[in-house]
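Asker: Hey, dropping entry13.csv in here, CSV, N, CA and C atoms:
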chain,number,residue,atom,x,y,z
Z,174,MET,N,-8.0,-1.7,8.7
Z,174,MET,CA,-8.1,-0.3,8.5
Z,174,MET,C,-9.6,0.1,8.6
Z,175,HIS,N,-10.5,-0.8,8.3
Z,175,HIS,CA,-11.9,-0.4,8.3
Z,175,HIS,C,-12.3,0.0,9.7
Z,176,GLN,N,-11.8,-0.7,10.7
Z,176,GLN,CA,-12.1,-0.4,12.1
Z,176,GLN,C,-11.5,1.0,12.5
Z,177,TYR,N,-10.3,1.2,12.0
Z,177,TYR,CA,-9.6,2.5,12.3
Z,177,TYR,C,-10.4,3.6,11.7
Z,178,TYR,N,-10.8,3.5,10.5
Z,178,TYR,CA,-11.6,4.6,9.8
Z,178,TYR,C,-13.0,4.8,10.6
Z,179,GLN,N,-13.6,3.7,11.0
Z,179,GLN,CA,-14.8,3.8,11.7
Z,179,GLN,C,-14.6,4.5,13.0
Z,180,GLN,N,-13.6,4.2,13.8
Z,180,GLN,CA,-13.3,4.8,15.1
Z,180,GLN,C,-12.9,6.3,15.0
Z,181,PHE,N,-12.0,6.6,14.1
Z,181,PHE,CA,-11.5,7.9,14.0
Z,181,PHE,C,-12.1,8.8,12.9
Z,182,ALA,N,-12.9,8.2,12.1
Z,182,ALA,CA,-13.7,8.9,11.1
Z,182,ALA,C,-13.0,10.0,10.3
Z,183,PRO,N,-11.9,9.7,9.7
Z,183,PRO,CA,-11.2,10.7,8.9
Z,183,PRO,C,-12.1,11.1,7.7
Z,184,ALA,N,-12.1,12.3,7.3
Z,184,ALA,CA,-13.0,12.8,6.2
Z,184,ALA,C,-12.3,12.5,4.8
Z,185,TRP,N,-12.4,11.2,4.4
Z,185,TRP,CA,-11.8,10.8,3.1
Z,185,TRP,C,-13.0,10.7,2.1
Z,186,ASP,N,-12.8,11.3,1.0
Z,186,ASP,CA,-13.7,11.1,-0.1
Z,186,ASP,C,-12.8,10.8,-1.3
Z,187,VAL,N,-13.5,10.4,-2.4
Z,187,VAL,CA,-12.7,10.0,-3.6
Z,187,VAL,C,-11.7,11.0,-4.1
Z,188,ALA,N,-12.1,12.3,-4.1
Z,188,ALA,CA,-11.2,13.3,-4.6
Z,188,ALA,C,-10.0,13.4,-3.6
Z,189,LYS,N,-10.2,13.3,-2.3
Z,189,LYS,CA,-9.1,13.4,-1.4
Z,189,LYS,C,-8.1,12.2,-1.5
Z,190,VAL,N,-8.7,11.0,-1.6
Z,190,VAL,CA,-7.8,9.8,-1.8
Z,190,VAL,C,-7.0,9.9,-3.1
Z,191,PHE,N,-7.7,10.4,-4.2
Z,191,PHE,CA,-7.0,10.5,-5.4
Z,191,PHE,C,-5.8,11.5,-5.3
Z,192,GLU,N,-6.1,12.6,-4.7
Z,192,GLU,CA,-5.1,13.7,-4.5
Z,192,GLU,C,-3.8,13.2,-3.7
Z,193,VAL,N,-4.0,12.4,-2.7
Z,193,VAL,CA,-2.9,12.0,-1.9
Z,193,VAL,C,-2.2,10.8,-2.4
Z,194,THR,N,-2.8,10.1,-3.4
Z,194,THR,CA,-2.2,8.9,-3.9
Z,194,THR,C,-1.8,9.0,-5.4
Z,195,LYS,N,-2.1,10.1,-6.0
Z,195,LYS,CA,-1.8,10.2,-7.5
Z,195,LYS,C,-0.3,10.1,-7.8
Z,196,ASN,N,0.6,10.5,-6.9
Z,196,ASN,CA,2.0,10.5,-7.2
Z,196,ASN,C,2.7,9.2,-6.7
Z,197,LEU,N,1.9,8.3,-6.2
Z,197,LEU,CA,2.4,7.0,-5.7
Z,197,LEU,C,2.3,6.0,-6.8
Z,198,LYS,N,3.0,4.9,-6.7
Z,198,LYS,CA,2.7,3.7,-7.6
Z,198,LYS,C,1.7,2.9,-6.9
Z,199,ASN,N,0.5,2.8,-7.5
Z,199,ASN,CA,-0.6,2.1,-6.9
Z,199,ASN,C,-0.9,0.8,-7.6
Z,200,TYR,N,-1.1,-0.2,-6.8
Z,200,TYR,CA,-1.3,-1.6,-7.3
Z,200,TYR,C,-2.5,-2.2,-6.7
Z,201,ASP,N,-3.3,-2.9,-7.5
Z,201,ASP,CA,-4.3,-3.8,-7.0
Z,201,ASP,C,-3.6,-5.1,-6.8
Z,202,LEU,N,-3.9,-5.7,-5.7
Z,202,LEU,CA,-3.4,-7.1,-5.4
Z,202,LEU,C,-4.5,-8.1,-5.8
Z,203,LEU,N,-4.1,-9.0,-6.6
Z,203,LEU,CA,-5.0,-10.0,-7.2
Z,203,LEU,C,-4.8,-11.4,-6.5
Z,204,PHE,N,-5.8,-12.1,-6.3
Z,204,PHE,CA,-5.8,-13.5,-5.8
Z,204,PHE,C,-6.8,-14.2,-6.5
Z,205,GLN,N,-6.4,-15.2,-7.3
Z,205,GLN,CA,-7.3,-16.1,-8.1
Z,205,GLN,C,-8.3,-15.2,-9.0
Z,206,GLY,N,-7.7,-14.2,-9.6
Z,206,GLY,CA,-8.4,-13.3,-10.5
Z,206,GLY,C,-9.3,-12.3,-9.8
Z,207,GLU,N,-9.3,-12.2,-8.5
Z,207,GLU,CA,-10.1,-11.3,-7.7
Z,207,GLU,C,-9.3,-10.2,-7.1
Z,208,VAL,N,-9.7,-9.0,-7.0
Z,208,VAL,CA,-9.0,-7.9,-6.3
Z,208,VAL,C,-9.1,-8.3,-4.8
Z,209,ALA,N,-7.9,-8.4,-4.3
Z,209,ALA,CA,-7.8,-8.9,-2.9
Z,209,ALA,C,-7.2,-7.8,-2.0
Z,210,GLY,N,-6.8,-6.6,-2.5
Z,210,GLY,CA,-6.3,-5.5,-1.7
Z,210,GLY,C,-5.6,-4.5,-2.6
Z,211,ILE,N,-4.8,-3.7,-1.9
Z,211,ILE,CA,-4.0,-2.7,-2.6
Z,211,ILE,C,-2.7,-2.5,-2.0
Z,212,MET,N,-1.7,-2.0,-2.8
Z,212,MET,CA,-0.4,-1.7,-2.3
Z,212,MET,C,0.0,-0.4,-2.9
Z,213,ARG,N,0.6,0.6,-2.1
Z,213,ARG,CA,1.0,1.8,-2.7
Z,213,ARG,C,2.5,2.0,-2.3
Z,214,LEU,N,3.3,2.4,-3.3
Z,214,LEU,CA,4.8,2.6,-3.1
Z,214,LEU,C,5.1,4.0,-3.4
Z,215,GLN,N,6.1,4.5,-2.7
Z,215,GLN,CA,6.7,5.8,-3.0
Z,215,GLN,C,8.2,5.7,-3.1
Z,216,PHE,N,8.8,6.2,-4.1
Z,216,PHE,CA,10.2,6.1,-4.3
Z,216,PHE,C,10.8,7.5,-4.1
Z,217,GLU,N,11.7,7.7,-3.1
Z,217,GLU,CA,12.4,8.9,-2.9
Z,217,GLU,C,13.9,8.6,-2.6
Z,218,ALA,N,14.7,9.4,-3.2
Z,218,ALA,CA,16.2,9.3,-2.9
Z,218,ALA,C,16.6,7.9,-3.1
Z,219,ASP,N,17.1,7.2,-2.0
Z,219,ASP,CA,17.5,5.8,-2.1
Z,219,ASP,C,16.6,4.9,-1.3
Z,220,CYS,N,15.4,5.3,-1.2
Z,220,CYS,CA,14.4,4.5,-0.3
Z,220,CYS,C,13.1,4.3,-1.1
Z,221,CYS,N,12.6,3.1,-0.9
Z,221,CYS,CA,11.2,2.8,-1.4
Z,221,CYS,C,10.4,2.7,-0.1
Z,222,TYR,N,9.4,3.5,-0.1
Z,222,TYR,CA,8.4,3.6,1.1
Z,222,TYR,C,7.2,2.7,0.7
Z,223,LEU,N,6.9,1.8,1.6
Z,223,LEU,CA,5.6,1.1,1.5
Z,223,LEU,C,4.6,1.9,2.2
Z,224,ARG,N,3.8,2.7,1.5
Z,224,ARG,CA,2.9,3.6,2.0
Z,224,ARG,C,1.6,3.0,2.5
Z,225,ASP,N,1.1,2.0,1.8
Z,225,ASP,CA,-0.2,1.4,2.1
Z,225,ASP,C,-0.2,-0.1,1.7
Z,226,LEU,N,-0.6,-0.9,2.5
Z,226,LEU,CA,-0.8,-2.3,2.2
Z,226,LEU,C,-2.1,-2.8,2.9
Z,227,GLN,N,-3.1,-3.1,2.1
Z,227,GLN,CA,-4.3,-3.6,2.7
Z,227,GLN,C,-4.8,-4.8,1.9
Z,228,VAL,N,-5.2,-5.8,2.7
Z,228,VAL,CA,-5.7,-7.1,2.1
Z,228,VAL,C,-7.1,-7.3,2.7
Z,229,THR,N,-8.1,-7.6,1.8
Z,229,THR,CA,-9.4,-7.8,2.2
Z,229,THR,C,-9.5,-8.9,3.3
Z,230,PRO,N,-10.2,-8.6,4.4
Z,230,PRO,CA,-10.2,-9.5,5.5
Z,230,PRO,C,-10.5,-10.9,5.2
Z,231,THR,N,-11.4,-11.2,4.3
Z,231,THR,CA,-11.7,-12.6,4.0
Z,231,THR,C,-10.6,-13.3,3.2
Z,232,LEU,N,-9.7,-12.5,2.7
Z,232,LEU,CA,-8.6,-13.1,1.9
Z,232,LEU,C,-7.2,-13.0,2.6
Z,233,GLN,N,-7.2,-12.7,3.9
Z,233,GLN,CA,-6.0,-12.6,4.7
Z,233,GLN,C,-5.5,-14.0,5.0
Z,234,ASN,N,-4.3,-14.1,5.4
Z,234,ASN,CA,-3.6,-15.4,5.7
Z,234,ASN,C,-3.5,-16.4,4.6
Z,235,LYS,N,-3.4,-15.8,3.4
Z,235,LYS,CA,-3.2,-16.6,2.2
Z,235,LYS,C,-1.9,-16.3,1.5
Z,236,GLY,N,-1.0,-15.5,2.1
Z,236,GLY,CA,0.3,-15.1,1.6
Z,236,GLY,C,0.2,-13.9,0.7
Z,237,ILE,N,-0.9,-13.2,0.5
Z,237,ILE,CA,-1.0,-12.1,-0.3
Z,237,ILE,C,-0.2,-10.9,0.1
Z,238,GLY,N,-0.2,-10.6,1.4
Z,238,GLY,CA,0.6,-9.5,2.0
Z,238,GLY,C,2.1,-9.8,1.8
Z,239,ASN,N,2.5,-11.1,2.1
Z,239,ASN,CA,3.8,-11.5,2.0
Z,239,ASN,C,4.3,-11.3,0.5
Z,240,ALA,N,3.5,-11.7,-0.4
Z,240,ALA,CA,3.9,-11.6,-1.8
Z,240,ALA,C,4.0,-10.1,-2.2
Z,241,ALA,N,3.2,-9.3,-1.6
Z,241,ALA,CA,3.2,-7.8,-1.9
Z,241,ALA,C,4.5,-7.2,-1.4
Z,242,ILE,N,4.9,-7.6,-0.2
Z,242,ILE,CA,6.2,-7.1,0.4
Z,242,ILE,C,7.3,-7.6,-0.4
Z,243,HIS,N,7.3,-8.8,-0.9
Z,243,HIS,CA,8.4,-9.3,-1.8
Z,243,HIS,C,8.5,-8.5,-3.1
Z,244,GLU,N,7.3,-8.2,-3.6
Z,244,GLU,CA,7.3,-7.3,-4.8
Z,244,GLU,C,7.8,-5.9,-4.6
Z,245,ALA,N,7.5,-5.4,-3.4
Z,245,ALA,CA,8.0,-4.0,-3.1
Z,245,ALA,C,9.6,-4.1,-3.0
Z,246,LYS,N,10.1,-5.2,-2.4
Z,246,LYS,CA,11.5,-5.4,-2.3
Z,246,LYS,C,12.2,-5.5,-3.7
Z,247,ARG,N,11.5,-6.3,-4.6
Z,247,ARG,CA,12.0,-6.5,-5.9
Z,247,ARG,C,12.0,-5.1,-6.7
Z,248,GLN,N,11.0,-4.3,-6.6
Z,248,GLN,CA,11.0,-3.1,-7.2
Z,248,GLN,C,12.0,-2.1,-6.7
Z,249,ALA,N,12.3,-2.1,-5.4
Z,249,ALA,CA,13.3,-1.3,-4.8
Z,249,ALA,C,14.7,-1.7,-5.4
Z,250,LEU,N,14.9,-3.0,-5.4
Z,250,LEU,CA,16.2,-3.4,-6.0
Z,250,LEU,C,16.3,-3.1,-7.5
Z,251,ASP,N,15.3,-3.2,-8.2
Z,251,ASP,CA,15.3,-2.8,-9.6
Z,251,ASP,C,15.6,-1.4,-9.8
Z,252,ALA,N,15.1,-0.5,-8.9
Z,252,ALA,CA,15.3,0.9,-8.9
Z,252,ALA,C,16.7,1.3,-8.3
Z,253,LYS,N,17.5,0.3,-7.9
Z,253,LYS,CA,18.8,0.5,-7.3
Z,253,LYS,C,18.7,1.3,-5.9
Z,254,MET,N,17.6,0.9,-5.2
Z,254,MET,CA,17.4,1.5,-3.8
Z,254,MET,C,17.8,0.4,-2.8
Z,255,ASN,N,18.4,0.9,-1.7
Z,255,ASN,CA,18.9,-0.1,-0.8
Z,255,ASN,C,18.0,-0.2,0.5
Z,256,THR,N,16.9,0.5,0.5
Z,256,THR,CA,16.0,0.4,1.6
Z,256,THR,C,14.5,0.3,1.2
Z,257,VAL,N,13.8,-0.5,1.9
Z,257,VAL,CA,12.3,-0.5,1.8
Z,257,VAL,C,11.9,-0.2,3.2
Z,258,GLN,N,11.1,0.8,3.4
Z,258,GLN,CA,10.7,1.3,4.7
Z,258,GLN,C,9.1,1.4,4.7
Z,259,LEU,N,8.6,1.0,5.8
Z,259,LEU,CA,7.1,1.2,6.0
Z,259,LEU,C,6.9,2.6,6.5
Z,260,ARG,N,6.0,3.3,5.9
Z,260,ARG,CA,5.6,4.6,6.3
Z,260,ARG,C,4.1,4.5,6.8
Z,261,VAL,N,3.9,4.7,8.1
Z,261,VAL,CA,2.6,4.6,8.7
Z,261,VAL,C,2.1,5.9,9.2
Z,262,PHE,N,0.8,6.0,9.4
Z,262,PHE,CA,0.2,7.2,10.0
Z,262,PHE,C,-0.4,6.9,11.4
What is this structure when it is put down as structure tokens?
Answerer:
Amino acid sequence: MHQYYQQFAPAWDVAKVFEVTKNLKNYDLLFQGEVAGIMRLQFEADCCYLRDLQVTPTLQNKGIGNAAIHEAKRQALDAKMNTVQLRVF
């Protein structure tokens, strides 16, 4: 995502990020006690949307993203939702 933001330079500041994410379920992804990334979920009707999944580049390929996706699926099932869908921009 860092390269995307550098190339397209969206005008994101802390207030803007807070505004668009405040109604989502926001999670820090931890790996060995260290913040390794973030995951954001949105629940609507019968669908859980995976809105954002980012893993720090130096911690990629360690199963963190895979574990996050499994957690999103678990939460969707717990909420009696039959779909997990990736929502991208």
Asker: So which one's closest to Z:Asp251, Z:Cys221, Z:Ile237, Z:Val228, Z:Ala188? Using only C-alpha atoms, please.
Answerer: Z:Cys221
Asker: I'd like the contact shell of Z:Leu197 - 8 Å cut-off, only N, CA and C atoms, skipping same-chain residues fewer than 3 positions apart - returned as number ranges by chain.
Answerer: Z: 192-194, 200, 212-216
Asker: Output N, CA and C atoms for every residue in that selection, as a CSV table (one decimal), in the coordinates of the input.
Answerer:
chain,number,residue,atom,x,y,z
Z,192,GLU,N,-6.1,12.6,-4.7
Z,192,GLU,CA,-5.1,13.7,-4.5
Z,192,GLU,C,-3.8,13.2,-3.7
Z,193,VAL,N,-4.0,12.4,-2.7
Z,193,VAL,CA,-2.9,12.0,-1.9
Z,193,VAL,C,-2.2,10.8,-2.4
Z,194,THR,N,-2.8,10.1,-3.4
Z,194,THR,CA,-2.2,8.9,-3.9
Z,194,THR,C,-1.8,9.0,-5.4
Z,200,TYR,N,-1.1,-0.2,-6.8
Z,200,TYR,CA,-1.3,-1.6,-7.3
Z,200,TYR,C,-2.5,-2.2,-6.7
Z,212,MET,N,-1.7,-2.0,-2.8
Z,212,MET,CA,-0.4,-1.7,-2.3
Z,212,MET,C,0.0,-0.4,-2.9
Z,213,ARG,N,0.6,0.6,-2.1
Z,213,ARG,CA,1.0,1.8,-2.7
Z,213,ARG,C,2.5,2.0,-2.3
Z,214,LEU,N,3.3,2.4,-3.3
Z,214,LEU,CA,4.8,2.6,-3.1
Z,214,LEU,C,5.1,4.0,-3.4
Z,215,GLN,N,6.1,4.5,-2.7
Z,215,GLN,CA,6.7,5.8,-3.0
Z,215,GLN,C,8.2,5.7,-3.1
Z,216,PHE,N,8.8,6.2,-4.1
Z,216,PHE,CA,10.2,6.1,-4.3
Z,216,PHE,C,10.8,7.5,-4.1
Asker: Considering only C-alpha atoms, state which residue in the set Z:Leu250, Z:Val257, Z:Tyr222, Z:Leu202 is at the smallest distance from Z:Gly238.
Answerer: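 Closest candidate: Z:Leu202.
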Asker: Which of chain Z end up as alpha helix (DSSP H) when DSSP is run on this backbone - answer as a PyMOL selection string?
Answerer: chain Z and resi 175-181+187-194+237-251
Asker: Have a look at Z:Asp225, Z:Leu232, Z:Asn255, Z:Ala240 and name the one nearest to Z:Lys198; count only C-alpha atoms.
Answerer: Z:Asp225
Asker: For stretch 248-259 of chain Z, where the input has fewer atoms than it should, I would like all heavy atoms rebuilt and written as a CSV table (one decimal), in the frame of the given file.
Answerer:
chain,number,residue,atom,x,y,z
Z,248,GLN,N,11.0,-4.3,-6.6
Z,248,GLN,CA,11.0,-3.1,-7.2
Z,248,GLN,C,12.0,-2.1,-6.7
Z,248,GLN,O,12.6,-1.4,-7.5
Z,248,GLN,CB,9.6,-2.4,-7.1
Z,248,GLN,CG,8.6,-3.1,-8.0
Z,248,GLN,CD,7.3,-2.3,-8.2
Z,248,GLN,OE1,7.4,-1.1,-8.2
Z,248,GLN,NE2,6.2,-3.0,-8.4
Z,249,ALA,N,12.3,-2.1,-5.4
Z,249,ALA,CA,13.3,-1.3,-4.8
Z,249,ALA,C,14.7,-1.7,-5.4
Z,249,ALA,O,15.5,-0.8,-5.7
Z,249,ALA,CB,13.3,-1.4,-3.3
Z,250,LEU,N,14.9,-3.0,-5.4
Z,250,LEU,CA,16.2,-3.4,-6.0
Z,250,LEU,C,16.3,-3.1,-7.5
Z,250,LEU,O,17.4,-2.6,-7.9
Z,250,LEU,CB,16.3,-5.0,-5.8
Z,250,LEU,CG,16.6,-5.4,-4.4
Z,250,LEU,CD1,16.5,-7.0,-4.3
Z,250,LEU,CD2,17.9,-5.0,-3.9
Z,251,ASP,N,15.3,-3.2,-8.2
Z,251,ASP,CA,15.3,-2.8,-9.6
Z,251,ASP,C,15.6,-1.4,-9.8
Z,251,ASP,O,16.2,-0.9,-10.8
Z,251,ASP,CB,14.0,-3.2,-10.3
Z,251,ASP,CG,13.8,-4.7,-10.6
Z,251,ASP,OD1,14.8,-5.4,-10.4
Z,251,ASP,OD2,12.7,-5.1,-11.0
Z,252,ALA,N,15.1,-0.5,-8.9
Z,252,ALA,CA,15.3,0.9,-8.9
Z,252,ALA,C,16.7,1.3,-8.3
Z,252,ALA,O,16.9,2.5,-8.1
Z,252,ALA,CB,14.2,1.6,-8.3
Z,253,LYS,N,17.5,0.3,-7.9
Z,253,LYS,CA,18.8,0.5,-7.3
Z,253,LYS,C,18.7,1.3,-5.9
Z,253,LYS,O,19.5,2.1,-5.6
Z,253,LYS,CB,19.7,1.3,-8.2
Z,253,LYS,CG,19.8,0.7,-9.6
Z,253,LYS,CD,21.1,0.1,-9.9
Z,253,LYS,CE,21.3,-0.3,-11.3
Z,253,LYS,NZ,20.6,-1.4,-11.7
Z,254,MET,N,17.6,0.9,-5.2
Z,254,MET,CA,17.4,1.5,-3.8
Z,254,MET,C,17.8,0.4,-2.8
Z,254,MET,O,17.5,-0.7,-3.0
Z,254,MET,CB,16.0,1.9,-3.7
Z,254,MET,CG,15.6,3.0,-4.7
Z,254,MET,SD,14.0,3.6,-4.4
Z,254,MET,CE,14.0,5.1,-5.4
Z,255,ASN,N,18.4,0.9,-1.7
Z,255,ASN,CA,18.9,-0.1,-0.8
Z,255,ASN,C,18.0,-0.2,0.5
Z,255,ASN,O,18.4,-0.9,1.4
Z,255,ASN,CB,20.3,0.3,-0.3
Z,255,ASN,CG,20.4,1.7,0.3
Z,255,ASN,OD1,19.4,2.3,0.6
Z,255,ASN,ND2,21.6,2.3,0.4
Z,256,THR,N,16.9,0.5,0.5
Z,256,THR,CA,16.0,0.4,1.6
Z,256,THR,C,14.5,0.3,1.2
Z,256,THR,O,14.1,1.0,0.3
Z,256,THR,CB,16.2,1.6,2.5
Z,256,THR,OG1,17.6,1.8,2.9
Z,256,THR,CG2,15.4,1.6,3.8
Z,257,VAL,N,13.8,-0.5,1.9
Z,257,VAL,CA,12.3,-0.5,1.8
Z,257,VAL,C,11.9,-0.2,3.2
Z,257,VAL,O,12.3,-0.8,4.2
Z,257,VAL,CB,11.7,-1.9,1.4
Z,257,VAL,CG1,10.2,-1.8,1.5
Z,257,VAL,CG2,12.2,-2.2,0.0
Z,258,GLN,N,11.1,0.8,3.4
Z,258,GLN,CA,10.7,1.3,4.7
Z,258,GLN,C,9.1,1.4,4.7
Z,258,GLN,O,8.5,1.9,3.8
Z,258,GLN,CB,11.3,2.6,5.0
Z,258,GLN,CG,11.2,3.1,6.4
Z,258,GLN,CD,12.0,4.3,6.7
Z,258,GLN,OE1,12.1,5.3,5.9
Z,258,GLN,NE2,12.8,4.3,7.8
Z,259,LEU,N,8.6,1.0,5.8
Z,259,LEU,CA,7.1,1.2,6.0
Z,259,LEU,C,6.9,2.6,6.5
Z,259,LEU,O,7.5,3.0,7.5
Z,259,LEU,CB,6.6,0.1,7.0
Z,259,LEU,CG,5.2,0.2,7.4
Z,259,LEU,CD1,4.3,-0.1,6.2
Z,259,LEU,CD2,4.9,-0.8,8.5
